[in-house]
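*Asks:* This is the content of protein32.txt (compact mmCIF, C-alpha atoms):
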```txt
# COMPACT_ATOMS: atom_id res chain seq x y z
CA MET F 1 87.43 97.85 114.54
CA THR F 2 86.27 101.42 115.18
CA TYR F 3 86.46 102.80 118.68
CA THR F 4 85.70 106.16 120.22
CA LYS F 5 88.55 108.13 121.71
CA LYS F 6 87.65 107.53 125.38
CA ARG F 7 86.67 103.88 125.05
CA ARG F 8 89.45 102.84 122.76
CA SER F 9 92.13 101.70 125.19
CA HIS F 10 89.64 99.85 127.42
CA GLN F 11 87.98 97.93 124.60
CA SER F 12 91.16 97.07 122.77
CA GLY F 13 92.80 96.01 126.03
CA ARG F 14 89.93 93.65 126.81
CA LYS F 15 89.63 92.22 123.34
CA PHE F 16 93.28 91.75 122.52
CA ASN F 17 94.76 91.36 126.02
CA ALA F 18 97.35 94.06 125.40
CA LYS F 19 99.72 95.27 128.11
CA ARG F 20 101.09 98.77 128.04
CA THR F 21 104.68 99.37 129.04
CA THR F 22 106.79 102.47 129.20
CA GLY F 23 110.40 103.20 128.52
CA GLY F 24 112.64 104.19 125.64
CA ARG F 25 113.52 102.12 122.64
CA ARG F 26 116.22 99.56 123.30
CA ARG F 27 119.12 99.02 121.00
CA ALA F 28 117.88 96.87 118.12
CA ARG F 29 118.71 93.16 118.33
CA ARG F 30 118.42 90.99 115.25
CA ASN F 31 117.94 87.27 114.78
CA LYS F 32 119.85 85.04 112.35
CA SER F 33 117.72 86.17 109.40
CA GLY F 34 118.57 89.82 110.15
CA LYS F 35 115.10 90.61 111.46
CA GLU F 36 115.03 93.10 114.32
CA THR F 37 113.66 91.78 117.60
CA ILE F 38 110.84 94.13 118.61
CA HIS F 39 109.12 93.82 121.98
CA PRO F 40 105.31 93.63 121.57
CA SER F 41 104.94 96.66 123.86
CA LYS F 42 106.30 98.78 120.99
CA PHE F 43 103.15 97.95 119.01
CA VAL F 44 100.82 99.37 121.68
CA LYS F 45 100.21 103.11 121.77
CA GLU F 46 97.26 105.47 122.01
CA ALA F 47 96.74 107.96 119.23
CA VAL F 48 97.81 111.49 120.02
CA VAL F 49 95.50 114.06 118.48
CA SER F 50 97.06 117.47 118.83
CA GLU F 51 95.07 120.60 118.26
CA GLN F 52 96.67 122.33 115.30
CA GLN F 53 95.92 125.80 114.12
CA GLU F 54 94.67 125.98 110.57
CA TYR F 55 97.53 126.92 108.28
CA LYS F 56 97.19 130.29 106.61
CA SER F 57 99.19 130.32 103.42
CA GLU F 58 101.22 133.35 102.39
CA ASN F 59 100.36 132.72 98.74
CA THR F 60 97.53 131.48 96.58
CA PHE F 61 98.18 129.32 93.54
CA GLY F 62 97.18 132.32 91.45
CA ASP F 63 100.12 134.29 92.92
CA PHE F 64 102.78 131.95 91.50
CA ASN F 65 104.48 133.37 88.42
CA VAL F 66 104.20 130.40 86.07
CA VAL F 67 103.44 130.04 82.36
CA LEU F 68 99.87 130.34 81.11
CA LEU F 69 99.36 126.60 80.47
CA LEU F 70 100.22 125.77 84.06
CA LYS F 71 97.93 128.53 85.32
CA LYS F 72 95.05 127.11 83.25
CA ASN F 73 95.58 123.56 84.50
CA ILE F 74 95.90 124.73 88.10
CA ALA F 75 92.60 126.55 87.74
CA ARG F 76 91.02 123.46 86.14
CA LYS F 77 92.11 121.37 89.14
CA LYS F 78 90.56 124.05 91.39
CA PHE F 79 93.72 124.54 93.43
CA THR F 80 93.43 127.64 95.60
CA ALA F 81 95.40 127.69 98.87
CA PRO F 82 98.68 125.73 98.82
CA SER F 83 99.68 123.36 101.61
CA PRO F 84 102.58 124.43 103.88
CA ILE F 85 105.25 122.57 101.85
CA GLN F 86 103.81 123.94 98.59
CA ASP F 87 103.53 127.47 99.95
CA LYS F 88 107.19 127.56 101.01
CA ALA F 89 108.88 125.37 98.38
CA ILE F 90 107.25 126.59 95.15
CA PRO F 91 108.51 130.22 95.39
CA GLN F 92 112.06 129.01 96.14
CA GLY F 93 111.93 126.55 93.26
CA LEU F 94 110.68 129.23 90.87
CA LYS F 95 113.66 131.42 91.87
CA GLY F 96 115.98 128.63 90.72
CA ASN F 97 117.21 127.67 94.19
CA ASP F 98 118.04 124.11 95.22
CA VAL F 99 115.35 122.98 97.63
CA ILE F 100 115.36 120.48 100.50
CA GLY F 101 111.83 119.69 101.66
CA ILE F 102 111.25 117.82 104.92
CA ALA F 103 107.59 116.89 105.20
CA ASN F 104 105.32 114.01 106.10
CA THR F 105 103.99 111.77 103.35
CA GLY F 106 100.65 112.95 101.96
CA THR F 107 101.32 116.69 102.35
CA GLY F 108 101.37 117.63 98.65
CA LYS F 109 105.07 117.23 97.95
CA THR F 110 104.57 116.32 94.29
CA ILE F 111 102.98 119.66 93.43
CA ALA F 112 105.69 121.41 95.48
CA PHE F 113 108.34 120.34 92.98
CA ALA F 114 106.15 119.79 89.90
CA LEU F 115 105.21 123.45 89.39
CA PRO F 116 108.73 124.92 89.47
CA VAL F 117 110.16 122.01 87.46
CA LEU F 118 107.52 122.20 84.72
CA ASN F 119 107.72 125.98 84.57
CA ARG F 120 111.49 125.69 84.07
CA LEU F 121 111.01 123.18 81.24
CA MET F 122 108.39 125.32 79.51
CA ILE F 123 110.48 128.48 79.68
CA ASN F 124 113.75 126.83 78.62
CA ARG F 125 113.31 124.28 75.83
CA LYS F 126 116.84 122.94 76.40
CA SER F 127 116.07 122.02 80.01
CA HIS F 128 115.57 118.34 81.01
CA VAL F 129 114.52 116.79 84.32
CA ILE F 130 115.06 113.39 85.90
CA ILE F 131 112.91 112.36 88.86
CA MET F 132 113.79 109.40 91.07
CA ALA F 133 111.35 107.65 93.40
CA PRO F 134 111.73 104.48 95.52
CA THR F 135 108.88 102.48 93.98
CA ARG F 136 107.04 101.89 90.74
CA GLU F 137 103.79 103.05 92.31
CA LEU F 138 105.17 106.39 93.46
CA ALA F 139 106.86 106.98 90.09
CA GLN F 140 103.54 106.28 88.37
CA GLN F 141 101.71 108.70 90.69
CA ILE F 142 104.24 111.44 89.96
CA LEU F 143 103.83 110.87 86.22
CA GLU F 144 100.03 111.14 86.46
CA GLU F 145 100.35 114.47 88.30
CA PHE F 146 102.81 115.78 85.69
CA LYS F 147 100.52 114.69 82.83
CA ASP F 148 97.60 116.45 84.48
CA LEU F 149 99.53 119.70 84.92
CA THR F 150 100.83 119.66 81.33
CA LYS F 151 97.50 118.80 79.70
CA GLY F 152 97.34 120.58 76.36
CA GLY F 153 101.13 120.83 76.12
CA SER F 154 103.75 118.83 74.22
CA LEU F 155 106.34 117.66 76.76
CA TYR F 156 107.48 114.12 76.10
CA HIS F 157 108.13 111.81 79.04
CA ALA F 158 109.47 108.33 79.76
CA LEU F 159 108.57 106.17 82.76
CA LEU F 160 111.50 103.90 83.61
CA ILE F 161 110.42 101.29 86.15
CA GLY F 162 110.82 97.56 86.61
CA GLY F 163 107.99 95.20 85.78
CA SER F 164 107.02 97.06 82.60
CA SER F 165 108.08 96.55 79.00
CA MET F 166 111.72 97.38 78.30
CA HIS F 167 110.82 97.56 74.58
CA LEU F 168 108.26 100.31 75.21
CA GLN F 169 110.69 102.19 77.44
CA LEU F 170 113.36 102.07 74.73
CA LYS F 171 110.76 103.34 72.23
CA ASP F 172 109.87 106.24 74.56
CA LEU F 173 113.54 107.13 75.04
CA LYS F 174 114.10 107.38 71.27
CA ARG F 175 111.71 110.33 71.30
CA LYS F 176 114.26 112.25 73.39
CA PRO F 177 111.87 112.98 76.29
CA ARG F 178 112.60 115.96 78.48
CA ILE F 179 110.97 114.35 81.51
CA ILE F 180 112.37 111.08 82.89
CA ILE F 181 110.60 109.54 85.89
CA GLY F 182 111.69 106.25 87.37
CA THR F 183 113.25 104.08 90.02
CA PRO F 184 117.05 104.21 90.47
CA GLY F 185 117.61 100.57 89.50
CA ARG F 186 115.82 100.75 86.14
CA ILE F 187 117.31 104.18 85.34
CA GLN F 188 120.75 102.69 85.95
CA ASP F 189 119.88 99.76 83.66
CA HIS F 190 119.21 102.19 80.81
CA ILE F 191 122.41 104.11 81.47
CA LYS F 192 124.41 100.86 81.24
CA ARG F 193 122.60 99.97 78.00
CA LYS F 194 123.51 103.44 76.69
CA SER F 195 119.83 104.07 75.95
CA LEU F 196 119.86 107.04 78.35
CA ASP F 197 122.37 109.90 78.33
CA LEU F 198 121.99 112.30 81.26
CA ARG F 199 124.64 114.88 80.35
CA GLY F 200 122.01 117.41 79.21
CA PHE F 201 119.78 117.01 82.27
CA ASP F 202 119.94 120.21 84.32
CA THR F 203 117.14 119.49 86.82
CA VAL F 204 116.84 116.59 89.27
CA VAL F 205 114.25 115.57 91.85
CA LEU F 206 114.76 112.89 94.49
CA ASP F 207 111.45 112.05 96.17
CA GLU F 208 111.43 110.08 99.45
CA VAL F 209 115.22 110.15 99.67
CA ASP F 210 115.20 108.36 103.03
CA ARG F 211 113.22 105.41 101.66
CA MET F 212 115.51 105.06 98.64
CA LEU F 213 118.51 104.94 100.96
CA ASP F 214 116.75 102.38 103.18
CA MET F 215 116.07 100.23 100.12
CA GLY F 216 119.76 100.11 99.19
CA PHE F 217 119.71 102.48 96.21
CA VAL F 218 122.57 104.66 97.47
CA LYS F 219 125.14 103.48 94.87
CA ASP F 220 122.69 103.87 91.99
CA MET F 221 121.65 107.31 93.22
CA ARG F 222 125.24 108.54 93.53
CA SER F 223 126.11 107.17 90.10
CA ILE F 224 123.08 108.79 88.45
CA LEU F 225 123.59 112.16 90.16
CA GLY F 226 127.24 112.13 89.08
CA LYS F 227 126.23 111.89 85.41
CA LEU F 228 124.00 114.99 85.36
CA SER F 229 124.95 118.46 84.20
CA ARG F 230 127.09 120.20 86.81
CA LYS F 231 124.99 123.34 86.45
CA ARG F 232 121.63 122.14 87.65
CA GLN F 233 118.74 122.76 90.00
CA SER F 234 118.09 120.05 92.57
CA PHE F 235 115.04 119.15 94.66
CA PHE F 236 115.34 116.69 97.56
CA PHE F 237 112.25 115.60 99.48
CA SER F 238 112.34 113.37 102.52
CA ALA F 239 110.35 112.59 105.66
CA THR F 240 113.54 112.55 107.73
CA MET F 241 116.94 114.24 107.72
CA ASP F 242 119.23 111.64 109.22
CA PRO F 243 123.03 111.69 108.64
CA LYS F 244 122.84 109.45 105.54
CA VAL F 245 120.29 111.74 103.89
CA ARG F 246 122.21 114.87 104.85
CA GLU F 247 125.49 113.47 103.48
CA LEU F 248 123.96 112.68 100.09
CA ILE F 249 122.24 116.07 99.82
CA ASN F 250 125.35 118.01 100.85
CA GLU F 251 127.38 116.22 98.19
CA PHE F 252 124.99 116.92 95.31
CA SER F 253 123.37 120.28 96.08
CA ASN F 254 124.42 123.93 95.86
CA ASN F 255 123.49 126.21 98.77
CA PRO F 256 120.06 124.59 99.13
CA VAL F 257 117.14 126.25 100.89
CA MET F 258 115.94 124.01 103.72
CA ILE F 259 112.16 123.88 104.21
CA SER F 260 110.79 121.80 107.05
CA VAL F 261 107.07 121.54 107.69
CA LYS F 262 107.03 118.16 109.39
CA THR F 263 104.49 118.18 112.22
CA GLY F 264 105.64 115.06 114.07
CA ASP F 265 105.78 111.34 113.43
CA THR F 266 103.13 110.09 111.02
CA CYS F 267 102.17 107.34 113.45
CA ASP F 268 101.21 109.78 116.23
CA SER F 269 97.64 109.83 114.90
CA VAL F 270 97.42 106.03 114.76
CA GLU F 271 95.88 103.97 117.57
CA GLN F 272 98.17 100.94 117.92
CA ASN F 273 97.50 97.56 119.52
CA ILE F 274 98.32 93.86 119.28
CA VAL F 275 96.37 90.71 118.49
CA LYS F 276 97.62 87.58 120.22
CA TYR F 277 97.15 84.21 118.52
CA LYS F 278 97.90 80.57 119.41
CA ASN F 279 98.57 79.01 115.99
CA ASN F 280 97.99 79.61 112.27
CA SER F 281 94.39 78.41 112.45
CA ASP F 282 93.66 80.75 115.35
CA LYS F 283 95.49 83.54 113.52
CA ILE F 284 93.27 83.49 110.41
CA GLU F 285 90.14 83.24 112.55
CA LYS F 286 91.20 86.29 114.58
CA LEU F 287 91.78 88.19 111.35
CA HIS F 288 88.35 87.11 110.07
CA GLU F 289 86.70 88.44 113.25
CA LEU F 290 88.47 91.78 112.90
CA LEU F 291 87.54 92.24 109.25
CA ILE F 292 83.92 91.21 109.60
CA SER F 293 83.30 93.62 112.49
CA ASN F 294 83.02 96.55 110.11
CA LYS F 295 83.22 95.95 106.37
CA LYS F 296 83.14 99.68 105.60
CA ASN F 297 86.77 100.04 106.62
CA LYS F 298 89.60 100.17 104.08
CA VAL F 299 92.37 97.84 105.23
CA LEU F 300 96.00 97.37 104.21
CA ILE F 301 97.41 94.03 105.42
CA PHE F 302 101.12 93.23 105.45
CA ASP F 303 102.53 89.73 105.15
CA ALA F 304 106.18 88.70 104.99
CA THR F 305 106.42 86.80 101.68
CA LYS F 306 104.98 86.98 98.18
CA ARG F 307 103.59 83.46 98.53
CA GLY F 308 102.04 84.34 101.88
CA VAL F 309 100.42 87.45 100.41
CA ASP F 310 98.81 85.47 97.58
CA ARG F 311 97.64 82.73 99.95
CA LEU F 312 96.14 85.15 102.46
CA SER F 313 94.34 87.15 99.76
CA ARG F 314 92.85 83.94 98.30
CA ASP F 315 91.74 82.79 101.77
CA LEU F 316 90.04 86.10 102.45
CA ASN F 317 88.22 86.01 99.10
CA LYS F 318 87.00 82.49 99.86
CA ARG F 319 85.63 83.83 103.16
CA GLY F 320 83.59 86.46 101.33
CA PHE F 321 85.84 89.51 101.67
CA MET F 322 86.81 91.77 98.75
CA SER F 323 90.57 91.38 98.67
CA ASP F 324 93.46 91.81 96.24
CA ALA F 325 97.21 91.16 96.45
CA ILE F 326 100.25 93.18 95.48
CA HIS F 327 103.91 92.09 95.55
CA GLY F 328 107.12 92.15 93.51
CA ASN F 329 106.27 89.13 91.35
CA LYS F 330 103.14 90.82 90.02
CA SER F 331 103.49 92.55 86.66
CA GLN F 332 103.25 96.32 86.59
CA ARG F 333 99.83 96.05 84.97
CA GLN F 334 98.60 93.70 87.71
CA ARG F 335 99.91 96.02 90.42
CA GLU F 336 98.31 99.08 88.84
CA LYS F 337 95.00 97.25 88.48
CA ALA F 338 95.03 96.07 92.12
CA LEU F 339 95.86 99.55 93.39
CA ALA F 340 93.19 101.16 91.20
CA ARG F 341 90.55 98.72 92.49
CA PHE F 342 91.61 99.47 96.08
CA LYS F 343 91.44 103.24 95.55
CA ALA F 344 87.99 102.92 93.94
CA ASN F 345 86.70 100.71 96.81
CA GLN F 346 86.08 97.83 94.41
CA VAL F 347 88.14 95.89 96.94
CA THR F 348 88.37 97.05 100.55
CA ILE F 349 91.34 94.89 101.55
CA LEU F 350 94.80 95.01 99.97
CA VAL F 351 97.37 92.41 101.06
CA ALA F 352 100.96 93.43 100.36
CA THR F 353 104.64 92.89 101.01
CA ASP F 354 106.72 95.78 102.37
CA VAL F 355 108.54 96.52 99.12
CA ALA F 356 105.39 96.46 96.97
CA ALA F 357 103.53 98.75 99.38
CA ARG F 358 106.17 101.46 99.46
CA GLY F 359 104.90 104.47 97.59
CA ILE F 360 101.22 103.54 97.93
CA ASP F 361 99.36 106.79 98.55
CA VAL F 362 95.73 106.02 99.41
CA PRO F 363 94.51 108.73 101.81
CA ASP F 364 91.40 106.95 103.13
CA ILE F 365 93.05 103.80 104.55
CA THR F 366 91.49 103.30 107.98
CA HIS F 367 93.42 100.27 109.25
CA VAL F 368 96.86 98.76 108.81
CA ILE F 369 97.18 95.15 109.96
CA ASN F 370 100.60 93.58 110.42
CA TYR F 371 99.72 89.94 109.83
CA SER F 372 103.46 89.31 110.06
CA THR F 373 105.75 91.49 112.14
CA PRO F 374 107.96 93.89 110.19
CA GLN F 375 111.68 93.46 109.54
CA SER F 376 112.50 96.50 111.69
CA TYR F 377 110.78 99.09 113.86
CA ASP F 378 111.42 101.73 111.19
CA ASP F 379 109.52 99.53 108.73
CA TYR F 380 106.71 99.28 111.28
CA VAL F 381 106.46 103.07 111.55
CA HIS F 382 106.45 103.38 107.78
CA ARG F 383 103.73 100.71 107.45
CA ILE F 384 101.30 102.19 109.93
CA GLY F 385 101.83 105.74 108.67
CA ARG F 386 99.50 104.92 105.80
CA ALA F 387 96.54 105.15 108.16
CA GLY F 388 95.47 108.22 110.09
CA ARG F 389 96.06 110.81 107.38
CA ALA F 390 94.46 114.18 106.76
CA GLY F 391 93.67 114.73 110.44
CA ARG F 392 91.88 111.39 110.90
CA ILE F 393 92.54 108.75 113.55
CA GLY F 394 93.96 105.57 112.05
CA TYR F 395 94.29 102.09 113.54
CA ALA F 396 97.16 99.63 113.49
CA LEU F 397 96.99 96.05 114.74
CA THR F 398 99.99 93.71 114.91
CA PHE F 399 99.64 89.94 115.23
CA VAL F 400 101.90 88.54 117.96
CA PRO F 401 102.19 84.79 118.81
CA LEU F 402 101.42 83.61 122.34
CA HIS F 403 104.43 82.14 124.10
```
Would you give me this structure, written as structure tokens?
*Replies:*
Amino acid sequence: MTYTKKRRSHQSGRKFNAKRTTGGRRRARRNKSGKETIHPSKFVKEAVVSEQQEYKSENTFGDFNVVLLLKKNIARKKFTAPSPIQDKAIPQGLKGNDVIGIANTGTGKTIAFALPVLNRLMINRKSHVIIMAPTRELAQQILEEFKDLTKGGSLYHALLIGGSSMHLQLKDLKRKPRIIIGTPGRIQDHIKRKSLDLRGFDTVVLDEVDRMLDMGFVKDMRSILGKLSRKRQSFFFSATMDPKVRELINEFSNNPVMISVKTGDTCDSVEQNIVKYKNNSDKIEKLHELLISNKKNKVLIFDATKRGVDRLSRDLNKRGFMSDAIHGNKSQRQREKALARFKANQVTILVATDVAARGIDVPDITHVINYSTPQSYDDYVHRIGRAGRAGRIGYALTFVPLH
């Protein structure tokens, strides 16, 4: 599963019988189920490794004018030079400006909004923040970062996500937390139950705005944003700035500062190819061959259904692989446990559905395998972008039936 740069296209072409084609993307056609018809040639592409100059930050973390507790926790985490999005967004956020950040996933966006938001809360005890993310996993990751930065402080928080105890969430909300982190659907549930009143919230963060729009949260997001204090500071972070994203931001921001540090499509650093199979029996055998070729890899496998994910994970475990499954029917505790095991290399294969995998941030994933083809090409790009991070080459393989 690991190839050198020069040999890669030759070996993968011989092994998987892939044919390269050229040409632009055709207008998307969809079948009766709404799934976009994607030509297999779209799944074949060599990785593009561009020589990038090392970024020289204008600031150090020590330069940022934040309260002493934040300075101590930054020093404890041994942060020195900020990433491009942090270097440009943090000073604007500390000035009180609305910020739009356009950056690839895995570039340090959480710290880019966490420092100015937490500094605002610590200076002004009447200030409250609500942070929206597309998935439970991403919301949990944001909370962990916030808890780490506020260690030794006394800021109450509530995590409002599906799949976890509503009773515990209601208990947390009774403490009048100044930090609310959650998914739009569950936040809206609490608003309807009147267990959450947002009129005093003067700070808002929308992380991965484009993904939340793709997932159909637009009505919930508009409703929630409309209930916040009119005088507020807003942070919007997204990997793209398409018309839908721009329209939402324009409606709910005030003279925002636009910061774009995106360096190209995430999938540019991913070597992409196809695996052709005859039938289901041949399909699982081909997957077995791929996985056994190098067990040191960390692999994220996508399947279409929750039942399929569970079945595939069980089959792989029976074959001697270390695998776990994650999907929407799993409890929050089960999902957290599976993700923690994957991060700690206790399992090297995670099988997931699209929705469950959104928000997963595991920087050392080497391979993404599309055991079932994605619903759309945009979903494909988002899937494979989880490999090839931090300047590494990643690999993406898509299973395609022989006709």
*Asks:* Give me, as a list in words, all polymer residues having an atom no more than 7 Å from region 368-373 of chain F, counting only C-alpha atoms and skipping those fewer than 3 positions away in the same chain.
*Replies:*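 Selected residues are Val299, Leu300, Ile301, Phe302, Asp303, Ala304, Ile384, Ala387, Tyr395, Ala396, Leu397, Thr398 and Phe399 of chain F.
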*Asks:* Which residues of region 277-339 of chain F come within 9 Å of region 126-144 of chain F, and what is each one's closest atom pair and distance in Å (one decimal), counting all atoms listed in the file, sorted by chain and residue number, as JSON lines?
*Replies:*
```
{"residue": "F:Gln332", "atom": "CA", "partner": "F:Arg136", "partner_atom": "CA", "distance": 7.9}
{"residue": "F:Arg335", "atom": "CA", "partner": "F:Glu137", "partner_atom": "CA", "distance": 8.2}
{"residue": "F:Glu336", "atom": "CA", "partner": "F:Glu137", "partner_atom": "CA", "distance": 7.6}
{"residue": "F:Leu339", "atom": "CA", "partner": "F:Glu137", "partner_atom": "CA", "distance": 8.7}
```
*Asks:* Pick out the residues sitting within 12 Å of Asp148 (chain F), and hand them over as a PyMOL selection string; count all atoms listed in the file, and ignore anything fewer than 4 positions along from it in its own chain.
*Replies:* chain F and resi 69-70+72-77+111+114-115+118+141-144+152-153+155
*Asks:* Which distance in Å separates CA of Lys306 (chain F) and CA of Gly328 (chain F), to one decimal?
*Replies:*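 Value for the CA of Lys306 (chain F)-CA of Gly328 (chain F) distance: 7.3 Å.
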*Asks:* Every residue with an atom at most 12 Å from (126.0, 119.2, 97.3) (file coordinates; all atoms listed in the file) is what I'm after, so could you write them as number ranges by chain?
*Replies:* F: 98-100, 222, 225-226, 230-236, 245-257
